[in-house]
$ cat data_4.cif   # mmCIF, C-alpha atoms and all ligand atoms
data_my_file
loop_
_atom_site.label_atom_id
_atom_site.label_comp_id
_atom_site.auth_asym_id
_atom_site.auth_seq_id
_atom_site.Cartn_x
_atom_site.Cartn_y
_atom_site.Cartn_z
CA MET A 212 3.26 -8.99 16.17
CA LYS A 213 6.13 -8.03 13.93
CA ILE A 214 4.71 -5.65 11.34
CA LEU A 215 6.14 -4.27 8.10
CA ASN A 216 4.60 -1.02 6.89
CA ILE A 217 5.89 -0.37 3.38
CA TYR A 218 4.73 2.32 0.97
CA TYR A 219 5.43 4.53 -1.99
CA SER A 220 4.27 8.13 -1.99
CA ALA A 221 5.13 10.61 -4.74
CA THR A 222 3.20 13.62 -3.43
CA GLY A 223 2.76 12.80 0.26
CA ASN A 224 -0.82 11.49 0.42
CA THR A 225 -0.01 7.82 1.01
CA GLU A 226 2.66 8.87 3.47
CA LYS A 227 -0.05 10.39 5.70
CA ILE A 228 -1.87 7.07 5.75
CA ALA A 229 1.34 5.13 6.36
CA ASN A 230 2.23 7.36 9.31
CA VAL A 231 -1.15 6.73 10.94
CA ILE A 232 -0.77 2.98 10.38
CA SER A 233 2.60 3.09 12.08
CA GLU A 234 1.45 5.25 15.04
CA THR A 235 -1.67 3.19 15.60
CA ALA A 236 0.05 -0.18 15.42
CA LYS A 237 2.73 1.03 17.85
CA LYS A 238 0.06 2.26 20.29
CA GLU A 239 -1.43 -1.21 20.09
CA GLU A 240 1.99 -2.45 21.23
CA HIS A 241 3.14 -4.08 18.04
CA GLU A 242 6.67 -3.94 16.70
CA VAL A 243 6.49 -1.87 13.49
CA GLU A 244 9.05 -1.17 10.81
CA THR A 245 8.03 1.56 8.35
CA ILE A 246 9.85 1.81 5.02
CA ARG A 247 9.21 4.38 2.31
CA ILE A 248 10.23 3.12 -1.12
CA THR A 249 11.66 5.84 -3.35
CA LYS A 250 13.18 5.98 -6.83
CA GLU A 251 16.58 5.73 -5.19
CA SER A 252 15.70 2.81 -2.91
CA SER A 253 13.57 0.57 -5.14
CA ASP A 254 16.33 -2.07 -5.08
CA ILE A 255 16.24 -2.36 -1.29
CA ASP A 256 16.26 -5.94 0.03
CA ILE A 257 13.66 -6.73 2.69
CA GLU A 258 13.05 -10.10 4.36
CA LEU A 259 9.29 -10.11 3.81
CA LEU A 260 8.90 -13.56 5.30
CA SER A 261 10.31 -12.38 8.61
CA TYR A 262 7.13 -10.37 9.31
CA ASP A 263 3.80 -11.64 10.63
CA PHE A 264 1.78 -8.82 9.13
CA VAL A 265 2.43 -6.49 6.17
CA PHE A 266 0.74 -3.24 5.23
CA ALA A 267 1.70 -2.18 1.70
CA GLY A 268 0.39 0.93 -0.02
CA SER A 269 0.93 3.37 -2.85
CA GLY A 270 -0.57 6.30 -4.68
CA VAL A 271 -2.23 5.32 -7.96
CA TYR A 272 -0.54 6.27 -11.22
CA GLN A 273 -2.21 5.18 -14.43
CA TRP A 274 -4.17 2.50 -12.57
CA LEU A 275 -1.13 0.98 -10.94
CA PRO A 276 1.13 1.62 -7.96
CA GLY A 277 4.08 3.96 -8.55
CA LYS A 278 6.98 2.62 -10.64
CA PRO A 279 9.50 2.42 -7.75
CA ILE A 280 7.28 0.10 -5.70
CA GLN A 281 6.48 -1.96 -8.83
CA GLU A 282 10.23 -2.39 -9.30
CA PHE A 283 10.61 -3.37 -5.67
CA PHE A 284 7.87 -6.01 -6.03
CA THR A 285 9.53 -7.41 -9.16
CA LYS A 286 12.81 -7.76 -7.31
CA MET A 287 11.10 -9.48 -4.38
CA LEU A 288 9.16 -11.81 -6.70
CA TRP A 289 12.35 -13.07 -8.34
CA LYS A 290 14.25 -13.29 -5.08
CA TYR A 291 11.62 -15.54 -3.52
CA PHE A 292 11.00 -17.46 -6.74
CA GLU A 293 14.68 -18.36 -6.95
CA LYS A 294 14.69 -19.41 -3.30
CA GLY A 295 11.77 -21.77 -3.98
CA GLU A 296 9.47 -19.82 -1.66
CA ILE A 297 6.91 -19.14 -4.39
CA LYS A 298 5.27 -22.50 -4.83
CA PRO A 299 2.69 -23.83 -7.29
CA ALA A 300 -0.80 -23.39 -5.81
CA ALA A 301 0.65 -20.81 -3.40
CA PRO A 302 0.01 -22.72 -0.16
CA ARG A 303 -0.93 -20.47 2.78
CA ARG A 304 1.65 -19.75 5.42
CA SER A 305 0.17 -19.86 8.87
CA ASN A 306 -0.03 -16.51 10.63
CA LYS A 307 1.13 -14.38 7.68
CA LYS A 308 -1.31 -11.62 6.83
CA ALA A 309 -1.33 -8.66 4.49
CA VAL A 310 -3.38 -5.51 3.97
CA LEU A 311 -3.00 -3.65 0.69
CA TYR A 312 -4.16 -0.10 0.23
CA CYS A 313 -3.90 2.87 -2.07
CA THR A 314 -4.69 6.53 -2.21
CA TYR A 315 -6.25 7.60 -5.48
CA GLY A 316 -7.92 10.53 -7.21
CA GLY A 317 -10.35 8.67 -9.46
CA VAL A 318 -11.14 11.67 -11.66
CA HIS A 319 -12.14 9.60 -14.67
CA THR A 320 -13.63 6.30 -13.52
CA GLY A 321 -13.65 6.56 -9.73
CA ILE A 322 -12.52 3.58 -7.71
CA ASN A 323 -12.27 1.44 -10.88
CA GLU A 324 -9.01 3.13 -11.76
CA ALA A 325 -7.56 2.26 -8.35
CA ILE A 326 -8.60 -1.39 -8.14
CA PRO A 327 -5.84 -2.68 -10.46
CA ALA A 328 -3.20 -0.97 -8.28
CA VAL A 329 -4.34 -2.73 -5.12
CA LYS A 330 -4.80 -6.08 -6.87
CA TYR A 331 -1.32 -5.71 -8.38
CA MET A 332 0.28 -5.18 -4.97
CA GLY A 333 -1.68 -8.03 -3.44
CA GLN A 334 -0.35 -10.61 -5.83
CA LEU A 335 3.20 -10.66 -4.48
CA PHE A 336 1.90 -11.48 -1.01
CA ASP A 337 -0.72 -13.92 -2.26
CA HIS A 338 2.00 -15.72 -4.26
CA LEU A 339 4.09 -15.91 -1.09
CA GLY A 340 1.21 -17.48 0.84
CA PHE A 341 0.13 -14.49 2.92
CA THR A 342 -3.61 -14.25 3.53
CA ILE A 343 -4.92 -10.93 2.25
CA ILE A 344 -7.33 -9.81 4.90
CA ALA A 345 -8.25 -6.36 3.56
CA GLU A 346 -7.95 -4.03 0.59
CA TRP A 347 -8.38 -0.36 1.44
CA TYR A 348 -9.00 2.56 -0.88
CA PHE A 349 -8.46 6.11 0.37
CA VAL A 350 -9.11 9.27 -1.58
CA GLY A 351 -6.11 11.52 -2.22
CA GLU A 352 -6.26 14.89 -3.93
CA TYR A 353 -4.20 15.59 -7.06
CA ARG A 354 -1.16 17.47 -5.81
CA SER A 355 0.64 18.29 -9.06
CA LYS A 356 0.05 21.83 -10.41
CA LYS A 357 -1.00 20.57 -13.80
CA LEU A 358 -3.61 18.19 -12.41
CA THR A 359 -5.01 20.39 -9.61
CA PRO A 360 -8.33 20.88 -11.49
CA PHE A 361 -8.87 17.10 -11.38
CA SER A 362 -9.52 17.48 -7.64
CA THR A 363 -12.84 19.19 -8.31
CA ILE A 364 -14.19 18.16 -11.71
CA GLY A 365 -14.31 14.38 -11.81
CA ARG A 366 -16.39 11.43 -10.68
CA MET A 367 -15.28 11.82 -7.09
CA GLY A 368 -16.51 15.41 -6.83
CA ASN A 369 -14.48 17.78 -4.67
CA ILE A 370 -11.60 15.86 -3.09
CA LYS A 371 -9.45 18.84 -2.09
CA GLY A 372 -7.61 18.34 1.17
CA ARG A 373 -8.02 14.55 1.15
CA PRO A 374 -6.92 12.53 2.91
CA ASN A 375 -8.26 14.82 5.63
CA GLU A 376 -8.55 14.48 9.39
CA ASN A 377 -11.65 12.30 9.15
CA ASP A 378 -9.95 9.99 6.63
CA LEU A 379 -7.01 9.61 8.99
CA LYS A 380 -9.30 8.81 11.92
CA ASP A 381 -10.90 6.17 9.74
CA VAL A 382 -7.45 4.70 9.01
CA SER A 383 -6.66 4.52 12.70
CA GLU A 384 -9.94 2.76 13.52
CA ARG A 385 -9.43 0.27 10.70
CA VAL A 386 -5.89 -0.51 11.82
CA LYS A 387 -7.04 -1.15 15.38
CA GLY A 388 -9.74 -3.47 14.08
CA ILE A 389 -7.71 -5.38 11.52
CA LEU A 390 -4.87 -6.12 13.94
CA LYS A 391 -7.32 -8.16 16.00
CA VAL A 392 -8.05 -10.53 13.10
C1 LIG B 401 0.80 12.60 -12.21
C2 LIG B 401 -0.37 12.00 -11.49
C3 LIG B 401 -1.06 10.93 -12.06
C4 LIG B 401 -2.16 10.36 -11.40
N1 LIG B 401 -2.83 9.33 -11.97
C5 LIG B 401 -3.91 8.81 -11.34
C6 LIG B 401 -4.66 7.73 -11.92
O1 LIG B 401 -4.35 7.22 -12.99
N2 LIG B 401 -5.75 7.28 -11.28
C7 LIG B 401 -6.14 7.80 -10.07
O2 LIG B 401 -7.14 7.34 -9.51
N3 LIG B 401 -5.42 8.77 -9.47
C8 LIG B 401 -4.34 9.29 -10.08
N4 LIG B 401 -3.63 10.30 -9.48
C9 LIG B 401 -4.00 10.76 -8.13
C10 LIG B 401 -3.11 10.11 -7.10
O3 LIG B 401 -3.23 8.71 -7.16
C11 LIG B 401 -3.52 10.58 -5.71
O4 LIG B 401 -3.36 11.98 -5.60
C12 LIG B 401 -2.70 9.86 -4.65
O5 LIG B 401 -3.25 10.17 -3.39
C13 LIG B 401 -1.24 10.26 -4.70
O6 LIG B 401 -0.60 9.54 -3.69
P1 LIG B 401 0.91 9.83 -3.26
O7 LIG B 401 1.04 11.30 -3.03
O8 LIG B 401 1.10 9.08 -2.03
O9 LIG B 401 1.78 9.33 -4.36
C14 LIG B 401 -2.55 10.89 -10.13
C15 LIG B 401 -1.84 11.95 -9.55
C16 LIG B 401 -0.76 12.50 -10.22
C17 LIG B 401 -0.02 13.66 -9.56
#
$ encode --input "data_4.cif" --output "structure tokens"
Amino acid sequence: MKILNIYYSATGNTEKIANVISETAKKEEHEVETIRITKESSDIDIELLSYDFVFAGSGVYQWLPGKPIQEFFTKMLWKYFEKGEIKPAAPRRSNKKAVLYCTYGGVHTGINEAIPAVKYMGQLFDHLGFTIIAEWYFVGEYRSKKLTPFSTIGRMGNIKGRPNENDLKDVSERVKGILKV
């Protein structure tokens, strides 16, 4: 399958997940293109409809994906809307699948503060007629100096070092499984 692996990562946590997605999908003999969205590249143009399968992920910032990937999604939404590819009732496109995921710290309300981010990202693909076959939530420690204490004092307990080796093994197993769907 032709796979797009697109992500935003401000402090490197989501990048670790994205790298495992890419390595695993390649080992499974898929054709994978991995693109990291940054502040500088949020206006990049990607032909989303040319892929069979999309993984899209981001760190969570104030309950939503990072601003650069939000901007990218807005650009894509308007591009496809103007082309008439976003249709009322969002009919499904056969063989187009998407997996959305995030890494999050959840210090205040746990996974609840990450759910809007994943739902937000899913909507672009749902509007385009992709079938969303999974939503994944991975824990990611707070890597800014100011917020370091959040990695030990919140609802998630001690999340230092996450995503860790076990988390990354979990990602690899999930990718192998989901690509069989
Ligand atoms: C400035 C800042 C704000 C954050 N805000 C949230 C938040 O609102 N909710 C949450 O669950 N995690 C929050 N986090 C934790 C990040 O989502 C988590 O560390 C994530 O793994 C970062 O991913 P990235 O390095 O790929 O961007 C925040 C982290 C930082 C540094």
$ closest_residue --input "data_4.cif" --among "A:Phe283, A:Ile343, A:Ile364, A:Pro276" --to "Ile246 in chain A" --atoms "all atoms listed in the file"
A:Phe283
$ closest_atom_pairs --input "data_4.cif" --of "chain A" --to "ligand LIG 401 (chain B)" --cutoff "8 Å" --atoms "only C-alpha atoms and all ligand atoms" --output "CSV"
residue,atom,partner,partner_atom,distance
A:Tyr219,CA,B:LIG401,O8,6.3
A:Ser220,CA,B:LIG401,O8,3.3
A:Ala221,CA,B:LIG401,O9,3.6
A:Thr222,CA,B:LIG401,O7,3.2
A:Gly223,CA,B:LIG401,O7,4.0
A:Asn224,CA,B:LIG401,O7,3.9
A:Thr225,CA,B:LIG401,O8,3.5
A:Glu226,CA,B:LIG401,O8,5.7
A:Lys227,CA,B:LIG401,O8,7.9
A:Ser269,CA,B:LIG401,O8,5.8
A:Gly270,CA,B:LIG401,O6,3.4
A:Val271,CA,B:LIG401,O3,3.6
A:Tyr272,CA,B:LIG401,N1,3.9
A:Gln273,CA,B:LIG401,O1,3.3
A:Trp274,CA,B:LIG401,O1,4.7
A:Leu275,CA,B:LIG401,O1,7.3
A:Gly277,CA,B:LIG401,O9,7.2
A:Cys313,CA,B:LIG401,O5,7.4
A:Thr314,CA,B:LIG401,O5,4.1
A:Tyr315,CA,B:LIG401,O3,3.6
A:Gly316,CA,B:LIG401,N3,3.8
A:Gly317,CA,B:LIG401,O2,3.5
A:Val318,CA,B:LIG401,O2,6.3
A:His319,CA,B:LIG401,O2,7.5
A:Thr320,CA,B:LIG401,O2,7.7
A:Gly321,CA,B:LIG401,O2,6.6
A:Ile322,CA,B:LIG401,O2,6.8
A:Asn323,CA,B:LIG401,O2,7.9
A:Glu324,CA,B:LIG401,O2,5.1
A:Ala325,CA,B:LIG401,O2,5.2
A:Phe349,CA,B:LIG401,O5,7.6
A:Val350,CA,B:LIG401,O5,6.2
A:Gly351,CA,B:LIG401,O5,3.4
A:Glu352,CA,B:LIG401,O4,4.4
A:Tyr353,CA,B:LIG401,O4,4.0
A:Arg354,CA,B:LIG401,C17,5.5
A:Ser355,CA,B:LIG401,C17,4.7
A:Leu358,CA,B:LIG401,C17,6.4
A:Arg373,CA,B:LIG401,O5,7.9
A:Pro374,CA,B:LIG401,O5,7.7
$ residues_near_point --input "data_4.cif" --point "(12.0, 4.7, -3.2)" --cutoff "12 Å" --atoms "only C-alpha atoms" --output "list in words"
Ile217, Tyr218, Tyr219, Ser220, Ala221, Ile246, Arg247, Ile248, Thr249, Lys250, Glu251, Ser252, Ser253, Asp254, Ile255, Asp256, Ser269, Gly277, Lys278, Pro279, Ile280, Gln281, Glu282, Phe283 and Phe284 of chain A
$ closest_residue --input "data_4.cif" --among "A:Lys290, A:Thr342, A:Asn377, A:Ala267" --to "Ile232 in chain A" --atoms "all atoms listed in the file"
A:Ala267
$ residues_around --input "data_4.cif" --residues "range 300-312 of chain A" --least-positions-apart "4" --cutoff "7 Å" --atoms "only C-alpha atoms" --output "number ranges by chain"
A: 263-269, 329, 332-333, 336, 338-348
$ residues_near_point --input "data_4.cif" --point "(-7.9, 9.3, 10.0)" --cutoff "12 Å" --atoms "all atoms listed in the file" --output "short mmCIF file (atom, residue, chain, number, x, y, z; two decimals) with C-alpha atoms, in the coordinates of the input"
data_model
loop_
_atom_site.label_atom_id
_atom_site.label_comp_id
_atom_site.auth_asym_id
_atom_site.auth_seq_id
_atom_site.Cartn_x
_atom_site.Cartn_y
_atom_site.Cartn_z
CA LYS A 227 -0.05 10.39 5.70
CA ILE A 228 -1.87 7.07 5.75
CA ALA A 229 1.34 5.13 6.36
CA ASN A 230 2.23 7.36 9.31
CA VAL A 231 -1.15 6.73 10.94
CA ILE A 232 -0.77 2.98 10.38
CA GLU A 234 1.45 5.25 15.04
CA THR A 235 -1.67 3.19 15.60
CA PHE A 349 -8.46 6.11 0.37
CA VAL A 350 -9.11 9.27 -1.58
CA ARG A 373 -8.02 14.55 1.15
CA PRO A 374 -6.92 12.53 2.91
CA ASN A 375 -8.26 14.82 5.63
CA GLU A 376 -8.55 14.48 9.39
CA ASN A 377 -11.65 12.30 9.15
CA ASP A 378 -9.95 9.99 6.63
CA LEU A 379 -7.01 9.61 8.99
CA LYS A 380 -9.30 8.81 11.92
CA ASP A 381 -10.90 6.17 9.74
CA VAL A 382 -7.45 4.70 9.01
CA SER A 383 -6.66 4.52 12.70
CA GLU A 384 -9.94 2.76 13.52
CA ARG A 385 -9.43 0.27 10.70
CA VAL A 386 -5.89 -0.51 11.82
CA LYS A 387 -7.04 -1.15 15.38
#
$ closest_residue --input "data_4.cif" --among "A:Lys237, A:Lys330, A:Lys357, A:Lys371" --to "Lys213 in chain A" --atoms "only C-alpha atoms"
A:Lys237
$ closest_residue --input "data_4.cif" --among "A:Ile370, A:Lys391, A:Leu335, A:Ala236" --to "Phe292 in chain A" --atoms "only C-alpha atoms"
A:Leu335
$ atom_distance --input "data_4.cif" --atom1 "CA of Pro299 in chain A" --atom2 "CA of Ile257 in chain A"
22.6 Å
$ closest_residue --input "data_4.cif" --among "A:Met287, A:Leu260, A:Ile214, A:Ala328" --to "Glu239 in chain A" --atoms "only C-alpha atoms"
A:Ile214
$ closest_residue --input "data_4.cif" --among "A:Met367, A:Met212, A:Leu259, A:Leu390" --to "Leu288 in chain A" --atoms "only C-alpha atoms"
A:Leu259
$ atom_distance --input "data_4.cif" --atom1 "CA of Lys286 in chain A" --atom2 "CA of Tyr262 in chain A"
17.8 Å
$ axis_aligned_box --input "data_4.cif" --around "range 276-283 of chain A" --padding-each-side "8 Å" --output "JSON"
{"center_x": 5.9, "center_y": 0.3, "center_z": -8.2, "size_x": 25.5, "size_y": 23.3, "size_z": 21.0}
$ atom_distance --input "data_4.cif" --atom1 "CA of Ser233 in chain A" --atom2 "CA of Val392 in chain A"
17.3 Å
$ decode --input "data_4.cif" --residues "range 336-380 of chain A" --atoms "N, CA and C atoms" --output "PDB file, in the first residue's frame"
ATOM      1  N   PHE A 336      -9.874  13.870   7.533  1.00  0.00           N
ATOM      2  CA  PHE A 336      -9.908  12.617   6.776  1.00  0.00           C
ATOM      3  C   PHE A 336     -11.329  12.064   6.658  1.00  0.00           C
ATOM      4  N   ASP A 337     -12.091  12.205   7.727  1.00  0.00           N
ATOM      5  CA  ASP A 337     -13.488  11.785   7.693  1.00  0.00           C
ATOM      6  C   ASP A 337     -14.256  12.606   6.644  1.00  0.00           C
ATOM      7  N   HIS A 338     -14.016  13.916   6.614  1.00  0.00           N
ATOM      8  CA  HIS A 338     -14.657  14.771   5.605  1.00  0.00           C
ATOM      9  C   HIS A 338     -14.284  14.328   4.188  1.00  0.00           C
ATOM     10  N   LEU A 339     -13.033  13.858   4.043  1.00  0.00           N
ATOM     11  CA  LEU A 339     -12.581  13.448   2.707  1.00  0.00           C
ATOM     12  C   LEU A 339     -13.063  12.052   2.328  1.00  0.00           C
ATOM     13  N   GLY A 340     -13.690  11.359   3.275  1.00  0.00           N
ATOM     14  CA  GLY A 340     -14.220  10.026   2.959  1.00  0.00           C
ATOM     15  C   GLY A 340     -13.308   8.870   3.336  1.00  0.00           C
ATOM     16  N   PHE A 341     -12.222   9.176   4.053  1.00  0.00           N
ATOM     17  CA  PHE A 341     -11.384   8.083   4.571  1.00  0.00           C
ATOM     18  C   PHE A 341     -12.140   7.410   5.723  1.00  0.00           C
ATOM     19  N   THR A 342     -11.938   6.109   5.876  1.00  0.00           N
ATOM     20  CA  THR A 342     -12.482   5.416   7.038  1.00  0.00           C
ATOM     21  C   THR A 342     -11.438   5.462   8.154  1.00  0.00           C
ATOM     22  N   ILE A 343     -11.840   5.984   9.294  1.00  0.00           N
ATOM     23  CA  ILE A 343     -10.908   6.058  10.428  1.00  0.00           C
ATOM     24  C   ILE A 343     -10.955   4.721  11.151  1.00  0.00           C
ATOM     25  N   ILE A 344      -9.842   4.006  11.073  1.00  0.00           N
ATOM     26  CA  ILE A 344      -9.887   2.652  11.632  1.00  0.00           C
ATOM     27  C   ILE A 344      -9.264   2.560  13.019  1.00  0.00           C
ATOM     28  N   ALA A 345      -8.576   3.619  13.463  1.00  0.00           N
ATOM     29  CA  ALA A 345      -8.079   3.589  14.851  1.00  0.00           C
ATOM     30  C   ALA A 345      -7.715   4.993  15.307  1.00  0.00           C
ATOM     31  N   GLU A 346      -7.813   5.173  16.614  1.00  0.00           N
ATOM     32  CA  GLU A 346      -7.345   6.409  17.267  1.00  0.00           C
ATOM     33  C   GLU A 346      -6.435   5.953  18.394  1.00  0.00           C
ATOM     34  N   TRP A 347      -5.198   6.398  18.368  1.00  0.00           N
ATOM     35  CA  TRP A 347      -4.221   5.917  19.347  1.00  0.00           C
ATOM     36  C   TRP A 347      -3.740   7.066  20.231  1.00  0.00           C
ATOM     37  N   TYR A 348      -3.593   6.762  21.492  1.00  0.00           N
ATOM     38  CA  TYR A 348      -3.128   7.748  22.477  1.00  0.00           C
ATOM     39  C   TYR A 348      -1.882   7.205  23.148  1.00  0.00           C
ATOM     40  N   PHE A 349      -0.763   7.907  23.009  1.00  0.00           N
ATOM     41  CA  PHE A 349       0.480   7.483  23.643  1.00  0.00           C
ATOM     42  C   PHE A 349       0.909   8.549  24.643  1.00  0.00           C
ATOM     43  N   VAL A 350       1.471   8.090  25.740  1.00  0.00           N
ATOM     44  CA  VAL A 350       1.907   9.038  26.769  1.00  0.00           C
ATOM     45  C   VAL A 350       3.272   9.612  26.378  1.00  0.00           C
ATOM     46  N   GLY A 351       3.420  10.922  26.595  1.00  0.00           N
ATOM     47  CA  GLY A 351       4.696  11.583  26.283  1.00  0.00           C
ATOM     48  C   GLY A 351       5.048  12.554  27.385  1.00  0.00           C
ATOM     49  N   GLU A 352       6.221  12.392  27.960  1.00  0.00           N
ATOM     50  CA  GLU A 352       6.598  13.264  29.083  1.00  0.00           C
ATOM     51  C   GLU A 352       6.694  14.727  28.656  1.00  0.00           C
ATOM     52  N   TYR A 353       6.565  15.622  29.635  1.00  0.00           N
ATOM     53  CA  TYR A 353       6.688  17.065  29.395  1.00  0.00           C
ATOM     54  C   TYR A 353       8.166  17.392  29.264  1.00  0.00           C
ATOM     55  N   ARG A 354       8.574  17.856  28.079  1.00  0.00           N
ATOM     56  CA  ARG A 354      10.000  18.076  27.861  1.00  0.00           C
ATOM     57  C   ARG A 354      10.392  19.546  27.851  1.00  0.00           C
ATOM     58  N   SER A 355       9.543  20.448  28.344  1.00  0.00           N
ATOM     59  CA  SER A 355      10.018  21.835  28.477  1.00  0.00           C
ATOM     60  C   SER A 355      10.424  22.025  29.936  1.00  0.00           C
ATOM     61  N   LYS A 356      11.487  22.802  30.166  1.00  0.00           N
ATOM     62  CA  LYS A 356      12.033  22.987  31.526  1.00  0.00           C
ATOM     63  C   LYS A 356      10.959  23.399  32.510  1.00  0.00           C
ATOM     64  N   LYS A 357      10.147  24.353  32.070  1.00  0.00           N
ATOM     65  CA  LYS A 357       9.136  24.918  32.959  1.00  0.00           C
ATOM     66  C   LYS A 357       8.107  23.869  33.395  1.00  0.00           C
ATOM     67  N   LEU A 358       7.801  22.952  32.483  1.00  0.00           N
ATOM     68  CA  LEU A 358       6.730  21.990  32.778  1.00  0.00           C
ATOM     69  C   LEU A 358       7.241  20.622  33.253  1.00  0.00           C
ATOM     70  N   THR A 359       8.556  20.481  33.426  1.00  0.00           N
ATOM     71  CA  THR A 359       9.107  19.184  33.846  1.00  0.00           C
ATOM     72  C   THR A 359       8.361  18.584  35.037  1.00  0.00           C
ATOM     73  N   PRO A 360       8.019  19.376  36.068  1.00  0.00           N
ATOM     74  CA  PRO A 360       7.314  18.788  37.222  1.00  0.00           C
ATOM     75  C   PRO A 360       5.997  18.108  36.839  1.00  0.00           C
ATOM     76  N   PHE A 361       5.385  18.539  35.761  1.00  0.00           N
ATOM     77  CA  PHE A 361       4.108  17.932  35.342  1.00  0.00           C
ATOM     78  C   PHE A 361       4.264  16.430  35.028  1.00  0.00           C
ATOM     79  N   SER A 362       5.508  16.019  34.772  1.00  0.00           N
ATOM     80  CA  SER A 362       5.736  14.606  34.426  1.00  0.00           C
ATOM     81  C   SER A 362       5.657  13.681  35.632  1.00  0.00           C
ATOM     82  N   THR A 363       5.502  14.265  36.828  1.00  0.00           N
ATOM     83  CA  THR A 363       5.438  13.384  38.008  1.00  0.00           C
ATOM     84  C   THR A 363       4.265  13.681  38.946  1.00  0.00           C
ATOM     85  N   ILE A 364       3.551  14.780  38.734  1.00  0.00           N
ATOM     86  CA  ILE A 364       2.597  15.180  39.780  1.00  0.00           C
ATOM     87  C   ILE A 364       1.128  15.155  39.348  1.00  0.00           C
ATOM     88  N   GLY A 365       0.856  14.616  38.178  1.00  0.00           N
ATOM     89  CA  GLY A 365      -0.525  14.736  37.695  1.00  0.00           C
ATOM     90  C   GLY A 365      -1.300  13.442  37.695  1.00  0.00           C
ATOM     91  N   ARG A 366      -2.393  13.429  36.980  1.00  0.00           N
ATOM     92  CA  ARG A 366      -3.280  12.258  36.925  1.00  0.00           C
ATOM     93  C   ARG A 366      -2.632  11.021  36.341  1.00  0.00           C
ATOM     94  N   MET A 367      -1.595  11.235  35.523  1.00  0.00           N
ATOM     95  CA  MET A 367      -0.973  10.094  34.862  1.00  0.00           C
ATOM     96  C   MET A 367       0.158   9.481  35.694  1.00  0.00           C
ATOM     97  N   GLY A 368       0.425  10.099  36.864  1.00  0.00           N
ATOM     98  CA  GLY A 368       1.516   9.586  37.702  1.00  0.00           C
ATOM     99  C   GLY A 368       2.867   9.954  37.102  1.00  0.00           C
ATOM    100  N   ASN A 369       3.833   9.056  37.263  1.00  0.00           N
ATOM    101  CA  ASN A 369       5.181   9.341  36.771  1.00  0.00           C
ATOM    102  C   ASN A 369       5.316   8.899  35.312  1.00  0.00           C
ATOM    103  N   ILE A 370       5.437   9.891  34.426  1.00  0.00           N
ATOM    104  CA  ILE A 370       5.519   9.557  32.986  1.00  0.00           C
ATOM    105  C   ILE A 370       6.892   9.903  32.413  1.00  0.00           C
ATOM    106  N   LYS A 371       7.869  10.044  33.301  1.00  0.00           N
ATOM    107  CA  LYS A 371       9.225  10.381  32.816  1.00  0.00           C
ATOM    108  C   LYS A 371       9.738   9.298  31.871  1.00  0.00           C
ATOM    109  N   GLY A 372      10.390   9.747  30.827  1.00  0.00           N
ATOM    110  CA  GLY A 372      10.990   8.804  29.870  1.00  0.00           C
ATOM    111  C   GLY A 372      10.008   8.243  28.846  1.00  0.00           C
ATOM    112  N   ARG A 373       8.757   8.611  28.934  1.00  0.00           N
ATOM    113  CA  ARG A 373       7.769   8.126  27.950  1.00  0.00           C
ATOM    114  C   ARG A 373       7.765   9.044  26.718  1.00  0.00           C
ATOM    115  N   PRO A 374       7.546   8.552  25.559  1.00  0.00           N
ATOM    116  CA  PRO A 374       7.356   7.134  25.256  1.00  0.00           C
ATOM    117  C   PRO A 374       8.669   6.363  25.412  1.00  0.00           C
ATOM    118  N   ASN A 375       8.598   5.230  26.106  1.00  0.00           N
ATOM    119  CA  ASN A 375       9.797   4.438  26.369  1.00  0.00           C
ATOM    120  C   ASN A 375       9.852   3.229  25.409  1.00  0.00           C
ATOM    121  N   GLU A 376      10.810   2.373  25.674  1.00  0.00           N
ATOM    122  CA  GLU A 376      11.013   1.227  24.772  1.00  0.00           C
ATOM    123  C   GLU A 376       9.755   0.369  24.650  1.00  0.00           C
ATOM    124  N   ASN A 377       9.100   0.151  25.779  1.00  0.00           N
ATOM    125  CA  ASN A 377       7.866  -0.665  25.742  1.00  0.00           C
ATOM    126  C   ASN A 377       6.779   0.004  24.912  1.00  0.00           C
ATOM    127  N   ASP A 378       6.656   1.323  25.080  1.00  0.00           N
ATOM    128  CA  ASP A 378       5.650   2.067  24.288  1.00  0.00           C
ATOM    129  C   ASP A 378       5.937   1.892  22.796  1.00  0.00           C
ATOM    130  N   LEU A 379       7.219   1.953  22.450  1.00  0.00           N
ATOM    131  CA  LEU A 379       7.576   1.879  21.029  1.00  0.00           C
ATOM    132  C   LEU A 379       7.355   0.472  20.468  1.00  0.00           C
ATOM    133  N   LYS A 380       7.556  -0.538  21.338  1.00  0.00           N
ATOM    134  CA  LYS A 380       7.236  -1.908  20.900  1.00  0.00           C
ATOM    135  C   LYS A 380       5.741  -2.033  20.640  1.00  0.00           C
TER     136      LYS A 380
END
